[in-house]
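Enquirer: Contents of entry28.txt (compact mmCIF, C-alpha atoms):
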# COMPACT_ATOMS: atom_id res chain seq x y z
CA MET A 1 121.15 27.87 121.43
CA SER A 2 117.59 28.38 122.69
CA LEU A 3 116.28 28.15 119.13
CA THR A 4 118.30 24.99 118.51
CA TYR A 5 117.02 23.33 121.68
CA THR A 6 113.45 24.43 120.89
CA ALA A 7 113.64 22.77 117.48
CA HIS A 8 115.16 19.64 119.03
CA ASP A 9 112.48 19.45 121.73
CA VAL A 10 109.66 19.94 119.22
CA ARG A 11 111.03 17.07 117.11
CA ARG A 12 111.38 14.91 120.22
CA ASN A 13 107.75 15.51 121.18
CA LEU A 14 106.54 14.90 117.64
CA ARG A 15 108.30 11.51 117.65
CA SER A 16 106.35 10.44 120.75
CA ILE A 17 103.64 8.69 118.75
CA PRO A 18 101.34 7.48 121.61
CA ASN A 19 101.26 10.92 123.22
CA LEU A 20 100.87 12.61 119.86
CA VAL A 21 97.86 10.47 118.94
CA PHE A 22 96.20 11.26 122.25
CA VAL A 23 96.90 15.00 122.06
CA ALA A 24 96.25 15.56 118.36
CA LEU A 25 93.70 12.99 117.21
CA LEU A 26 91.46 12.39 120.24
CA PRO A 27 90.03 15.96 120.20
CA ALA A 28 89.18 15.56 116.51
CA VAL A 29 87.38 12.28 117.23
CA LEU A 30 85.48 13.91 120.09
CA PHE A 31 84.47 16.76 117.80
CA ILE A 32 83.03 14.32 115.26
CA LEU A 33 81.13 12.41 117.96
CA PHE A 34 79.77 15.41 119.86
CA GLY A 35 79.53 17.90 117.03
CA ALA A 36 79.67 16.92 113.37
CA VAL A 37 77.34 13.92 113.44
CA GLN A 38 74.73 15.36 115.80
CA GLY A 39 71.37 16.42 114.39
CA TRP A 40 71.46 19.78 116.12
CA SER A 41 74.97 20.70 114.93
CA ASP A 42 73.61 23.14 112.32
CA ALA A 43 71.65 25.17 114.89
CA ARG A 44 72.65 28.83 114.78
CA LEU A 45 74.65 30.88 117.24
CA PRO A 46 75.51 34.59 116.88
CA GLY A 47 78.76 33.98 114.98
CA GLY A 48 78.38 30.49 113.57
CA ASN A 49 76.71 27.15 114.22
CA VAL A 50 76.76 24.66 117.09
CA SER A 51 79.22 22.45 115.23
CA ALA A 52 81.74 25.31 115.26
CA TYR A 53 81.05 25.77 118.99
CA VAL A 54 81.94 22.13 119.64
CA MET A 55 84.93 22.34 117.30
CA VAL A 56 86.46 25.20 119.29
CA SER A 57 85.72 23.42 122.58
CA MET A 58 87.57 20.27 121.47
CA ALA A 59 90.46 22.31 120.07
CA VAL A 60 90.91 24.00 123.45
CA TYR A 61 90.83 20.61 125.16
CA GLY A 62 93.57 19.35 122.85
CA ALA A 63 95.67 22.49 123.35
CA VAL A 64 95.52 22.38 127.15
CA THR A 65 96.36 18.66 127.10
CA ALA A 66 99.52 19.53 125.15
CA THR A 67 100.61 22.44 127.33
CA THR A 68 99.91 20.52 130.54
CA ALA A 69 101.94 17.49 129.50
CA ILE A 70 104.93 19.46 128.23
CA SER A 71 105.14 21.93 131.11
CA ALA A 72 104.72 19.13 133.67
CA GLY A 73 107.46 17.16 131.92
CA ALA A 74 109.71 20.22 132.06
CA ALA A 75 109.16 20.49 135.82
CA VAL A 76 110.07 16.82 136.30
CA GLU A 77 113.18 17.29 134.13
CA ARG A 78 114.21 20.17 136.36
CA LEU A 79 113.76 18.17 139.55
CA GLN A 80 115.69 15.23 138.09
CA GLY A 81 118.65 17.46 137.24
CA TRP A 82 118.38 17.80 133.46
CA GLY A 83 117.05 21.34 133.69
CA ARG A 84 119.92 22.37 135.97
CA GLN A 85 122.44 20.93 133.52
CA LEU A 86 120.95 22.94 130.67
CA ALA A 87 120.89 26.02 132.88
CA LEU A 88 124.69 25.78 133.10
CA THR A 89 124.98 26.10 129.33
CA PRO A 90 124.98 29.49 127.54
CA MET A 91 121.18 29.11 127.24
CA GLY A 92 120.76 29.69 130.98
CA THR A 93 117.74 29.17 133.22
CA GLY A 94 115.68 31.84 131.49
CA GLY A 95 116.41 30.38 128.07
CA TYR A 96 115.44 26.91 129.25
CA ALA A 97 112.12 28.18 130.61
CA ALA A 98 111.46 30.17 127.43
CA THR A 99 112.11 27.13 125.22
CA LYS A 100 109.66 25.02 127.20
CA VAL A 101 106.95 27.66 126.88
CA ALA A 102 107.64 27.92 123.15
CA VAL A 103 107.57 24.13 122.70
CA ALA A 104 104.31 23.84 124.66
CA LEU A 105 102.61 26.46 122.48
CA LEU A 106 103.98 25.02 119.24
CA ILE A 107 102.73 21.52 120.09
CA ALA A 108 99.39 23.04 121.17
CA VAL A 109 99.01 24.36 117.62
CA LEU A 110 98.83 20.79 116.27
CA PRO A 111 95.50 19.67 117.80
CA VAL A 112 93.97 23.06 117.03
CA VAL A 113 94.92 22.81 113.35
CA ILE A 114 93.71 19.22 113.07
CA VAL A 115 90.36 19.88 114.76
CA PHE A 116 89.77 23.02 112.71
CA LEU A 117 90.59 21.18 109.47
CA VAL A 118 88.13 18.43 110.38
CA GLY A 119 85.55 21.09 111.20
CA ALA A 120 86.12 22.93 107.94
CA PHE A 121 85.68 19.76 105.89
CA THR A 122 82.55 18.67 107.77
CA ASN A 123 79.82 21.07 108.85
CA ALA A 124 81.41 23.63 111.17
CA SER A 125 80.47 27.13 110.05
CA MET A 126 81.39 30.65 111.14
CA ASP A 127 80.03 33.81 109.57
CA ASP A 128 83.39 35.41 108.75
CA LEU A 129 86.94 34.30 108.03
CA TRP A 130 88.28 36.48 110.84
CA ARG A 131 86.19 34.51 113.32
CA TRP A 132 87.92 31.30 112.22
CA ALA A 133 91.35 32.89 112.52
CA LEU A 134 90.67 34.57 115.86
CA ALA A 135 89.14 31.44 117.40
CA ALA A 136 92.14 29.33 116.33
CA VAL A 137 94.63 31.81 117.79
CA LEU A 138 92.68 32.10 121.03
CA CYS A 139 92.62 28.29 121.42
CA VAL A 140 96.42 28.31 121.54
CA VAL A 141 96.87 31.47 123.60
CA VAL A 142 94.46 30.54 126.41
CA SER A 143 96.12 27.14 126.82
CA VAL A 144 98.98 28.99 128.56
CA VAL A 145 96.84 28.94 131.73
CA PHE A 146 97.25 25.18 131.89
CA ALA A 147 100.99 25.43 131.31
CA PHE A 148 101.06 26.83 134.85
CA TYR A 149 98.86 23.94 136.00
CA GLY A 150 101.22 21.41 134.43
CA LEU A 151 104.24 23.12 135.95
CA ALA A 152 102.63 23.02 139.41
CA ALA A 153 101.70 19.34 139.00
CA GLY A 154 105.21 18.39 137.93
CA LEU A 155 106.84 20.26 140.82
CA ILE A 156 104.45 18.83 143.43
CA PHE A 157 104.24 15.18 142.35
CA ARG A 158 107.80 14.90 140.97
CA SER A 159 107.23 11.82 138.79
CA ASP A 160 106.11 10.98 135.26
CA THR A 161 103.30 8.78 136.60
CA ALA A 162 101.83 11.57 138.68
CA VAL A 163 102.12 13.92 135.71
CA GLY A 164 100.03 11.46 133.70
CA ALA A 165 97.41 11.56 136.44
CA ALA A 166 97.43 15.36 136.33
CA SER A 167 96.83 15.23 132.59
CA GLY A 168 93.99 12.78 133.17
CA ALA A 169 92.40 15.22 135.59
CA LEU A 170 91.84 17.54 132.63
CA VAL A 171 88.83 15.39 131.74
CA VAL A 172 87.22 16.39 135.03
CA PHE A 173 88.13 20.05 134.50
CA ALA A 174 86.65 19.91 131.00
CA PHE A 175 83.38 18.34 132.12
CA PHE A 176 82.83 20.82 134.94
CA GLY A 177 84.11 23.65 132.72
CA ASN A 178 81.21 23.29 130.25
CA VAL A 179 83.53 21.95 127.54
CA PHE A 180 82.13 18.52 126.69
CA MET A 181 78.42 19.16 127.05
CA PRO A 182 76.19 22.13 127.90
CA LEU A 183 75.43 22.41 131.61
CA SER A 184 72.49 24.16 133.20
CA GLY A 185 71.08 25.19 136.55
CA GLY A 186 73.28 24.82 139.60
CA MET A 187 75.98 22.95 137.69
CA LEU A 188 76.37 25.85 135.26
CA THR A 189 76.61 28.28 138.18
CA VAL A 190 79.42 26.21 139.71
CA ALA A 191 81.08 25.75 136.31
CA ARG A 192 81.57 29.51 135.95
CA PHE A 193 84.16 29.36 138.75
CA THR A 194 86.12 26.35 137.44
CA PRO A 195 89.55 26.57 135.74
CA MET A 196 88.57 25.68 132.18
CA TYR A 197 85.34 27.69 131.94
CA GLY A 198 86.98 31.03 131.33
CA ILE A 199 89.51 29.93 128.73
CA VAL A 200 87.04 27.93 126.64
CA GLY A 201 84.54 30.80 126.85
CA ILE A 202 87.17 33.20 125.53
CA ALA A 203 88.10 30.87 122.66
CA ARG A 204 84.42 30.36 121.76
CA TYR A 205 83.60 34.07 121.90
CA PRO A 206 83.95 34.60 118.11
CA VAL A 207 81.23 31.95 117.70
CA THR A 208 78.98 32.72 120.68
CA GLU A 209 79.57 36.44 121.34
CA GLY A 210 78.94 35.52 124.98
CA GLU A 211 75.81 33.42 124.48
CA VAL A 212 75.83 30.29 126.65
CA ALA A 213 74.54 26.99 125.29
CA THR A 214 72.48 25.28 128.01
CA MET A 215 70.37 22.14 128.42
CA GLY A 216 67.08 24.01 128.44
CA GLY A 217 65.99 26.97 130.54
CA ALA A 218 66.24 30.68 129.86
CA PRO A 219 69.01 31.95 127.54
CA GLN A 220 72.13 33.11 129.36
CA THR A 221 75.18 35.14 128.45
CA ASP A 222 78.71 35.59 129.78
CA SER A 223 80.51 38.91 129.62
CA LEU A 224 83.97 38.82 128.06
CA LEU A 225 85.27 40.61 131.16
CA TRP A 226 84.10 37.78 133.43
CA LEU A 227 85.69 35.15 131.19
CA VAL A 228 89.00 37.03 131.20
CA VAL A 229 88.87 37.49 134.99
CA ASN A 230 88.27 33.75 135.41
CA ALA A 231 91.23 32.87 133.16
CA VAL A 232 93.61 35.37 134.77
CA ALA A 233 92.59 34.33 138.28
CA TRP A 234 93.24 30.64 137.63
CA ALA A 235 96.53 31.43 135.89
CA ALA A 236 97.54 33.32 139.05
CA VAL A 237 96.43 30.45 141.31
CA PHE A 238 98.35 27.84 139.33
CA GLY A 239 101.35 30.17 139.05
CA VAL A 240 101.50 30.79 142.81
CA ILE A 241 101.20 27.05 143.51
CA ALA A 242 104.04 26.36 141.06
CA LEU A 243 106.20 29.06 142.66
CA LEU A 244 105.62 27.71 146.16
CA ALA A 245 106.31 24.15 144.98
CA ALA A 246 109.55 25.29 143.31
CA ARG A 247 110.70 27.02 146.49
CA SER A 248 109.79 23.98 148.55
CA SER A 249 111.72 21.61 146.29
CA THR A 250 114.76 23.93 146.44
CA GLY A 251 114.52 24.16 150.20
CA ARG A 252 114.68 20.37 150.61
CA ARG A 253 118.07 20.19 148.90
Once more with this new file: its structure as structure tokens, please.

Expert:
Amino acid sequence: MSLTYTAHDVRRNLRSIPNLVFVALLPAVLFILFGAVQGWSDARLPGGNVSAYVMVSMAVYGAVTATTAISAGAAVERLQGWGRQLALTPMGTGGYAATKVAVALLIAVLPVVIVFLVGAFTNASMDDLWRWALAAVLCVVVSVVFAFYGLAAGLIFRSDTAVGAASGALVVFAFFGNVFMPLSGGMLTVARFTPMYGIVGIARYPVTEGEVATMGGAPQTDSLLWLVVNAVAWAAVFGVIALLAARSSTGRR
């Protein structure tokens, strides 16, 4: 039953044309604007060029937009009673949660594939095929961190409108997470502690090998350990907030 509901939910999300355009096509457009058409896009990095760096960044942005929206929607469904109804079926509460995670990751694959295809047919370049494959997989895997964020937002705000606002806040996270444009100085120092910095750094690692693109100044690097610690820490923060919000919503009934 979980597999049946997963397939149904994937089809339902794919039929939501406005959301699908935003999640799947906007990152590709951003890649073209900030990567493919820029004069410095062919500059070299340890594992590829700057265009590939931007490509991965936009793919991560698309993936986290997908996981945030779907997990937040699942939380709202639960609070409105639909999740409890499904939990009474043979699928159970665990099955319902598992299907939502699966749907979020499957939809997150779509923007990653589209952005990578656009990159491959323009000027994105990586030195080895395994770097392409690993970067694409990492884009999807790291987006799980923002599934917790979406879940917390849905449980706290309890409405579709507020969930939309939470998805919109991803733009702020992306800017301060060094996703849209290279930061430097004090802003880069602050960025290293923001929610999206770690996950995008992990996804870009096959291209950068830890090298940080900055707006001038001395070259900098990030250790893979620090990027993983950042991602795990924010996953824990969002997870704890979601857990507390779930307990609070149950306690009010």

Enquirer: I'd like to know which of A:Tyr61, A:Leu188, A:Ala108, A:Pro206 is closest to Ala133 of chain A, using only C-alpha atoms.

Expert: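 Distance minimum relative to Ala133 of chain A lands on A:Pro206.
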
Enquirer: For a quick check of understanding, using all atoms listed in the file, which of A:Ala153, A:Val200, A:Ala242, A:Val103 has the smallest distance to Leu224 of chain A?

Expert: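 Among A:Ala153, A:Val200, A:Ala242, A:Val103, it is A:Val200 that comes nearest to Leu224 of chain A.
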
Enquirer: As a list in words, please: the residues near Gly62 of chain A (cut-off 8 Å, all atoms listed in the file, same-chain neighbours under 6 positions excluded).

Expert: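 Residues meeting the cut-off are Val23, Ala24, Leu26, Pro27, Ala108, Pro111 and Val112 of chain A.
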
Enquirer: What would the file look like if the residues just selected were written as a short mmCIF file (atom, residue, chain, number, x, y, z; two decimals), keeping the file's coordinate frame with C-alpha atoms?

Expert:
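Final output, saved to part-v1.cif:
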data_model
loop_
_atom_site.label_atom_id
_atom_site.label_comp_id
_atom_site.auth_asym_id
_atom_site.auth_seq_id
_atom_site.Cartn_x
_atom_site.Cartn_y
_atom_site.Cartn_z
CA VAL A 23 96.90 15.00 122.06
CA ALA A 24 96.25 15.56 118.36
CA LEU A 26 91.46 12.39 120.24
CA PRO A 27 90.03 15.96 120.20
CA ALA A 108 99.39 23.04 121.17
CA PRO A 111 95.50 19.67 117.80
CA VAL A 112 93.97 23.06 117.03
#

Enquirer: Go through A:Leu33, A:Met187, A:Val140, A:Val115 one by one, measure the shortest atom-to-atom distance of each to Ile199 of chain A using only C-alpha atoms, and give the residue with the smallest value.

Expert: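 Smallest separation from Ile199 of chain A among the options: A:Val140.
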
Enquirer: Report as a list in words all protein, DNA and RNA residues lying within 7 Å of Ala72 of chain A, evaluated on all atoms listed in the file, omitting residues in the same chain fewer than 4 positions from it.

Expert: Thr68, Val76, Gly150, Leu151, Ala153, Gly154 and Val163 of chain A

Enquirer: Mind dumping the selected residues with C-alpha atoms as a PDB file, in the coordinates of the input?

Expert:
ATOM      1  CA  THR A  68      99.910  20.520 130.540  1.00  0.00           C
ATOM      2  CA  VAL A  76     110.070  16.820 136.300  1.00  0.00           C
ATOM      3  CA  GLY A 150     101.220  21.410 134.430  1.00  0.00           C
ATOM      4  CA  LEU A 151     104.240  23.120 135.950  1.00  0.00           C
ATOM      5  CA  ALA A 153     101.700  19.340 139.000  1.00  0.00           C
ATOM      6  CA  GLY A 154     105.210  18.390 137.930  1.00  0.00           C
ATOM      7  CA  VAL A 163     102.120  13.920 135.710  1.00  0.00           C
TER       8      VAL A 163
END

Enquirer: Quote the spacing between atom CA of Trp130 of chain A and atom CA of Val56 of chain A in Å to one decimal place.

Expert: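 One can read the atom CA of Trp130 of chain A to atom CA of Val56 of chain A distance as 14.2 Å.
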
Enquirer: Neighbourhood query: residues within 9 Å of (87.0, 21.8, 132.8), file coordinates, counting all atoms listed in the file; return as number ranges by chain.

Expert: A: 61, 169-180, 191, 194-197, 200

Enquirer: Grab the atom CA of Tyr149 of chain A to atom CA of Pro182 of chain A distance for me, in Å with one decimal place.

Expert: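 Separation between atom CA of Tyr149 of chain A and atom CA of Pro182 of chain A: 24.1 Å.
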
Enquirer: Compile the contact shell of Ala213 of chain A as a compact mmCIF listing (two decimals) with C-alpha atoms, in the coordinates of the input: residues with an atom at most 8 Å away, counting all atoms listed in the file, same-chain residues fewer than 6 positions apart removed.

Expert:
# COMPACT_ATOMS: atom_id res chain seq x y z
CA PRO A 182 76.19 22.13 127.90
CA LEU A 183 75.43 22.41 131.61
CA PRO A 219 69.01 31.95 127.54
CA GLN A 220 72.13 33.11 129.36

Enquirer: Just to confirm, what's the straight-line distance from atom CA of Thr161 of chain A to atom CA of Ser71 of chain A in Å (one decimal)?

Expert: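 Computing it gives 14.4 Å between the two atoms.
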